[in-house]
file model_18.cif (mmCIF, C-alpha atoms)
data_start
loop_
_atom_site.group_PDB
_atom_site.id
_atom_site.type_symbol
_atom_site.label_atom_id
_atom_site.label_comp_id
_atom_site.auth_asym_id
_atom_site.auth_seq_id
_atom_site.Cartn_x
_atom_site.Cartn_y
_atom_site.Cartn_z
ATOM 1 C CA MET A 1 5.221 14.898 6.017
ATOM 2 C CA ALA A 2 3.789 11.962 4.037
ATOM 3 C CA ILE A 3 3.611 14.069 0.875
ATOM 4 C CA CYS A 4 7.251 15.105 1.287
ATOM 5 C CA ILE A 5 8.441 11.527 1.832
ATOM 6 C CA GLY A 6 6.404 10.352 -1.142
ATOM 7 C CA ARG A 7 7.894 13.007 -3.380
ATOM 8 C CA LEU A 8 11.387 12.117 -2.203
ATOM 9 C CA SER A 9 10.594 8.503 -3.060
ATOM 10 C CA ILE A 10 9.832 9.481 -6.634
ATOM 11 C CA VAL A 11 13.376 10.722 -7.171
ATOM 12 C CA SER A 12 15.272 8.482 -4.710
ATOM 13 C CA PRO A 13 13.207 5.377 -3.998
ATOM 14 C CA GLU A 14 16.289 3.322 -3.181
ATOM 15 C CA ILE A 15 17.141 5.587 -0.246
ATOM 16 C CA ILE A 16 13.595 5.821 1.111
ATOM 17 C CA SER A 17 13.045 2.070 0.680
ATOM 18 C CA GLU A 18 15.642 1.340 3.359
ATOM 19 C CA TYR A 19 13.429 3.005 5.975
ATOM 20 C CA LEU A 20 9.965 1.743 4.993
ATOM 21 C CA ASP A 21 9.482 -0.284 8.143
ATOM 22 C CA GLN A 22 10.224 2.781 10.273
ATOM 23 C CA PHE A 23 7.682 5.173 8.760
ATOM 24 C CA LEU A 24 5.173 3.196 6.712
ATOM 25 C CA LYS A 25 2.464 2.892 9.358
ATOM 26 C CA GLN A 26 2.330 6.634 10.079
ATOM 27 C CA PHE A 27 2.705 7.430 6.372
ATOM 28 C CA CYS A 28 -0.348 5.321 5.547
ATOM 29 C CA LEU A 29 -2.393 6.648 8.447
ATOM 30 C CA SER A 30 -1.696 10.183 7.237
ATOM 31 C CA LEU A 31 -2.424 9.522 3.561
ATOM 32 C CA ARG A 32 -5.746 7.824 4.182
ATOM 33 C CA TYR A 33 -7.189 11.167 5.350
ATOM 34 C CA ILE A 34 -5.753 13.389 2.637
ATOM 35 C CA ASN A 35 -8.255 14.325 -0.056
ATOM 36 C CA ASN A 36 -7.604 13.019 -3.536
ATOM 37 C CA SER A 37 -5.168 15.391 -5.175
ATOM 38 C CA SER A 38 -2.017 15.447 -7.261
ATOM 39 C CA GLU A 39 -0.045 15.513 -3.990
ATOM 40 C CA LYS A 40 -1.695 12.323 -2.782
ATOM 41 C CA GLN A 41 -1.060 10.694 -6.149
ATOM 42 C CA GLU A 42 2.614 11.689 -6.046
ATOM 43 C CA ALA A 43 2.984 10.421 -2.476
ATOM 44 C CA PHE A 44 1.521 7.034 -3.370
ATOM 45 C CA SER A 45 3.528 6.820 -6.583
ATOM 46 C CA GLY A 46 6.747 7.414 -4.683
ATOM 47 C CA LEU A 47 5.769 5.000 -1.934
ATOM 48 C CA CYS A 48 5.045 2.284 -4.479
ATOM 49 C CA LYS A 49 8.460 2.801 -6.081
ATOM 50 C CA ALA A 50 10.114 2.341 -2.696
ATOM 51 C CA ILE A 51 7.993 -0.757 -1.974
ATOM 52 C CA ILE A 52 8.985 -2.342 -5.273
ATOM 53 C CA ILE A 53 12.635 -1.929 -4.270
ATOM 54 C CA ASN A 54 12.117 -3.212 -0.711
ATOM 55 C CA PRO A 55 8.941 -5.314 -0.468
ATOM 56 C CA ASN A 56 10.028 -6.725 2.902
ATOM 57 C CA GLY A 57 9.851 -3.235 4.386
ATOM 58 C CA VAL A 58 6.061 -3.383 4.178
ATOM 59 C CA ILE A 59 5.316 -6.735 5.784
ATOM 60 C CA ASN A 60 4.968 -5.454 9.361
ATOM 61 C CA HIS A 61 2.546 -2.730 8.283
ATOM 62 C CA PHE A 62 0.922 -4.293 5.226
ATOM 63 C CA ALA A 63 -2.606 -3.932 6.621
ATOM 64 C CA PHE A 64 -2.037 -0.172 7.010
ATOM 65 C CA PHE A 65 -0.829 0.034 3.414
ATOM 66 C CA CYS A 66 -3.905 -1.876 2.228
ATOM 67 C CA ASP A 67 -6.178 0.349 4.279
ATOM 68 C CA ALA A 68 -4.604 3.508 2.865
ATOM 69 C CA ILE A 69 -4.989 2.399 -0.739
ATOM 70 C CA CYS A 70 -8.568 1.273 -0.098
ATOM 71 C CA GLN A 71 -9.314 4.798 1.139
ATOM 72 C CA TYR A 72 -8.000 6.227 -2.142
ATOM 73 C CA ASP A 73 -11.092 6.220 -4.323
ATOM 74 C CA ASN A 74 -10.732 6.901 -8.021
ATOM 75 C CA ALA A 75 -6.956 6.530 -8.124
ATOM 76 C CA PRO A 76 -5.524 7.167 -11.582
ATOM 77 C CA TYR A 77 -5.481 4.041 -13.732
ATOM 78 C CA GLU A 78 -1.709 3.568 -13.698
ATOM 79 C CA LEU A 79 -1.528 3.920 -9.925
ATOM 80 C CA GLU A 80 -4.500 1.576 -9.465
ATOM 81 C CA GLN A 81 -2.670 -1.011 -11.573
ATOM 82 C CA THR A 82 0.414 -0.587 -9.400
ATOM 83 C CA PHE A 83 -1.699 -1.118 -6.267
ATOM 84 C CA GLN A 84 -3.204 -4.265 -7.745
ATOM 85 C CA ASN A 85 0.192 -5.604 -8.830
ATOM 86 C CA LEU A 86 1.618 -5.045 -5.354
ATOM 87 C CA ILE A 87 -1.334 -6.733 -3.631
ATOM 88 C CA PHE A 88 -1.119 -9.788 -5.872
ATOM 89 C CA SER A 89 2.644 -9.893 -5.545
ATOM 90 C CA TYR A 90 2.302 -10.149 -1.763
ATOM 91 C CA LYS A 91 -0.474 -12.700 -2.101
ATOM 92 C CA ASN A 92 1.668 -14.840 -4.399
ATOM 93 C CA THR A 93 4.746 -14.468 -2.215
ATOM 94 C CA LEU A 94 2.944 -15.415 0.987
ATOM 95 C CA ARG A 95 1.092 -18.302 -0.733
ATOM 96 C CA GLU A 96 -0.636 -20.452 1.916
ATOM 97 C CA LYS A 97 0.193 -17.899 4.619
ATOM 98 C CA TRP A 98 -1.789 -15.229 2.760
ATOM 99 C CA PHE A 99 -5.136 -16.441 4.112
ATOM 100 C CA ASP A 100 -3.843 -16.591 7.693
ATOM 101 C CA TYR A 101 -2.467 -13.081 7.300
ATOM 102 C CA PHE A 102 -5.523 -11.717 5.501
ATOM 103 C CA THR A 103 -7.929 -13.069 8.132
ATOM 104 C CA LEU A 104 -6.260 -10.774 10.682
ATOM 105 C CA PHE A 105 -7.396 -7.703 8.740
ATOM 106 C CA PRO A 106 -10.481 -5.856 10.017
ATOM 107 C CA ASP A 107 -13.673 -7.122 8.342
ATOM 108 C CA LYS A 108 -14.378 -3.786 6.660
ATOM 109 C CA LEU A 109 -10.905 -3.765 5.078
ATOM 110 C CA LYS A 110 -11.216 -7.369 3.916
ATOM 111 C CA LYS A 111 -14.531 -6.544 2.275
ATOM 112 C CA LYS A 112 -13.073 -3.506 0.478
ATOM 113 C CA MET A 113 -10.051 -5.450 -0.713
ATOM 114 C CA LYS A 114 -12.148 -8.356 -1.949
ATOM 115 C CA SER A 115 -14.357 -5.996 -3.883
ATOM 116 C CA ARG A 116 -11.677 -3.705 -5.269
ATOM 117 C CA PHE A 117 -9.020 -6.278 -6.092
ATOM 118 C CA ASN A 118 -11.201 -9.361 -6.688
ATOM 119 C CA LEU A 119 -9.544 -11.261 -3.869
ATOM 120 C CA ASN A 120 -10.912 -14.611 -2.776
#
call {"tool": "encode", "arguments": {"input": "model_18.cif", "output": "structure tokens"}}
result
Amino acid sequence: MAICIGRLSIVSPEIISEYLDQFLKQFCLSLRYINNSSEKQEAFSGLCKAIIINPNGVINHFAFFCDAICQYDNAPYELEQTFQNLIFSYKNTLREKWFDYFTLFPDKLKKKMKSRFNLN
């Protein structure tokens, strides 16, 4: 299902973006276990397009999004850049609240994010 939603997001991100808060958690839980493939890449690419349109749709499940992207080793360069841009966009938007929010993440996820995205 996650692959299908991701592919739909590639062609119609504005429609999918309206429903991010409703499916994002399950979407991310599903994608974290899918082996690296063109399908996984397409799903994440579509998801990122929808997130760019509706960044508020991710807030309630942001930790799940971060966990899913941290489970995606060796993402293509362009997609990795998109991940990084989204992470820093949220960090900049949340400002002082970022650290309060980030401290709620599981320790293993915080460590991965600090390493992968050079977060302080």
call {"tool": "closest_atom_pairs", "arguments": {"input": "model_18.cif", "of": "range 53-76 of chain A", "to": "range 23-45 of chain A", "cutoff": "6 Å", "atoms": "all atoms listed in the file", "output": "JSON lines"}}
result
{"residue": "A:His61", "atom": "CA", "partner": "A:Lys25", "partner_atom": "CA", "distance": 5.7}
{"residue": "A:Phe64", "atom": "CA", "partner": "A:Lys25", "partner_atom": "CA", "distance": 5.9}
{"residue": "A:Phe65", "atom": "CA", "partner": "A:Cys28", "partner_atom": "CA", "distance": 5.7}
{"residue": "A:Ala68", "atom": "CA", "partner": "A:Arg32", "partner_atom": "CA", "distance": 4.7}
{"residue": "A:Gln71", "atom": "CA", "partner": "A:Arg32", "partner_atom": "CA", "distance": 5.6}
call {"tool": "residues_around", "arguments": {"input": "model_18.cif", "residues": "Phe88 in chain A", "least_positions_apart": "2", "cutoff": "12 Å", "atoms": "only C-alpha atoms", "output": "list in words"}}
result
Cys66, Gln81, Thr82, Phe83, Gln84, Asn85, Leu86, Tyr90, Lys91, Asn92, Thr93, Leu94, Arg95, Trp98, Met113, Lys114, Phe117, Asn118, Leu119 and Asn120 of chain A
call {"tool": "axis_aligned_box", "arguments": {"input": "model_18.cif", "around": "range 76-92 of chain A", "padding_each_side": "4 Å", "output": "lines of an AutoDock Vina configuration file"}}
result
center_x = -1.4
center_y = -3.8
center_z = -7.7
size_x = 16.2
size_y = 30.0
size_z = 20.0
call {"tool": "resolve_selection", "arguments": {"input": "model_18.cif", "expression": "the PyMOL selection byres ((chain A and resi 53) around 8)", "output": "ChimeraX atom specification"}}
result
/A:13-14,17,49-52,54-55
call {"tool": "atom_distance", "arguments": {"input": "model_18.cif", "atom1": "CA of Ala75 in chain A", "atom2": "CA of Val58 in chain A"}}
result
20.5 Å
call {"tool": "atom_distance", "arguments": {"input": "model_18.cif", "atom1": "CA of Lys97 in chain A", "atom2": "CA of Asp73 in chain A"}}
result
28.1 Å
call {"tool": "atom_distance", "arguments": {"input": "model_18.cif", "atom1": "CA of Ala63 in chain A", "atom2": "CA of Ser115 in chain A"}}
result
15.9 Å
call {"tool": "closest_residue", "arguments": {"input": "model_18.cif", "among": "A:Leu109, A:Asp100, A:Val11, A:Ser89", "to": "Ile69 in chain A", "atoms": "all atoms listed in the file"}}
result
A:Leu109
call {"tool": "closest_residue", "arguments": {"input": "model_18.cif", "among": "A:Leu79, A:Cys70, A:Ile59, A:Leu104", "to": "Asp21 in chain A", "atoms": "only C-alpha atoms"}}
result
A:Ile59
call {"tool": "closest_residue", "arguments": {"input": "model_18.cif", "among": "A:Tyr77, A:Arg116, A:Asn56, A:Phe62", "to": "Tyr101 in chain A", "atoms": "all atoms listed in the file"}}
result
A:Phe62
call {"tool": "build_atoms", "arguments": {"input": "model_18.cif", "residues": "range 89-104 of chain A", "atoms": "N, CA, C and O atoms", "output": "compact mmCIF listing (two decimals), keeping the file's coordinate frame"}}
result
# COMPACT_ATOMS: atom_id res chain seq x y z
N SER A 89 1.27 -9.46 -5.78
CA SER A 89 2.64 -9.89 -5.54
C SER A 89 2.81 -10.41 -4.12
O SER A 89 3.40 -11.47 -3.89
N TYR A 90 2.24 -9.68 -3.15
CA TYR A 90 2.30 -10.15 -1.76
C TYR A 90 1.50 -11.43 -1.59
O TYR A 90 1.95 -12.36 -0.90
N LYS A 91 0.36 -11.50 -2.21
CA LYS A 91 -0.47 -12.70 -2.10
C LYS A 91 0.28 -13.91 -2.65
O LYS A 91 0.29 -14.98 -2.03
N ASN A 92 0.92 -13.74 -3.79
CA ASN A 92 1.67 -14.84 -4.40
C ASN A 92 2.91 -15.20 -3.59
O ASN A 92 3.27 -16.37 -3.51
N THR A 93 3.55 -14.22 -3.01
CA THR A 93 4.75 -14.47 -2.22
C THR A 93 4.40 -15.20 -0.92
O THR A 93 5.10 -16.13 -0.52
N LEU A 94 3.33 -14.80 -0.29
CA LEU A 94 2.94 -15.42 0.99
C LEU A 94 2.29 -16.78 0.80
O LEU A 94 2.25 -17.58 1.74
N ARG A 95 1.75 -17.04 -0.38
CA ARG A 95 1.09 -18.30 -0.73
C ARG A 95 0.09 -18.75 0.31
O ARG A 95 -0.88 -18.06 0.57
N GLU A 96 0.32 -19.91 0.94
CA GLU A 96 -0.64 -20.45 1.92
C GLU A 96 -0.80 -19.53 3.12
O GLU A 96 -1.84 -19.50 3.75
N LYS A 97 0.24 -18.79 3.46
CA LYS A 97 0.19 -17.90 4.62
C LYS A 97 -0.69 -16.66 4.36
O LYS A 97 -1.05 -15.97 5.30
N TRP A 98 -0.98 -16.39 3.10
CA TRP A 98 -1.79 -15.23 2.76
C TRP A 98 -3.12 -15.25 3.51
O TRP A 98 -3.53 -14.26 4.09
N PHE A 99 -3.81 -16.37 3.50
CA PHE A 99 -5.14 -16.44 4.11
C PHE A 99 -5.07 -16.25 5.62
O PHE A 99 -5.92 -15.61 6.21
N ASP A 100 -4.03 -16.81 6.25
CA ASP A 100 -3.84 -16.59 7.69
C ASP A 100 -3.61 -15.11 7.97
O ASP A 100 -4.14 -14.55 8.93
N TYR A 101 -2.80 -14.50 7.14
CA TYR A 101 -2.47 -13.08 7.30
C TYR A 101 -3.69 -12.21 7.03
O TYR A 101 -4.02 -11.31 7.79
N PHE A 102 -4.37 -12.50 5.94
CA PHE A 102 -5.52 -11.72 5.50
C PHE A 102 -6.68 -11.80 6.51
O PHE A 102 -7.40 -10.83 6.69
N THR A 103 -6.84 -12.93 7.16
CA THR A 103 -7.93 -13.07 8.13
C THR A 103 -7.73 -12.16 9.34
O THR A 103 -8.70 -11.88 10.05
N LEU A 104 -6.52 -11.68 9.57
CA LEU A 104 -6.26 -10.77 10.68
C LEU A 104 -6.69 -9.34 10.38
O LEU A 104 -6.76 -8.51 11.28
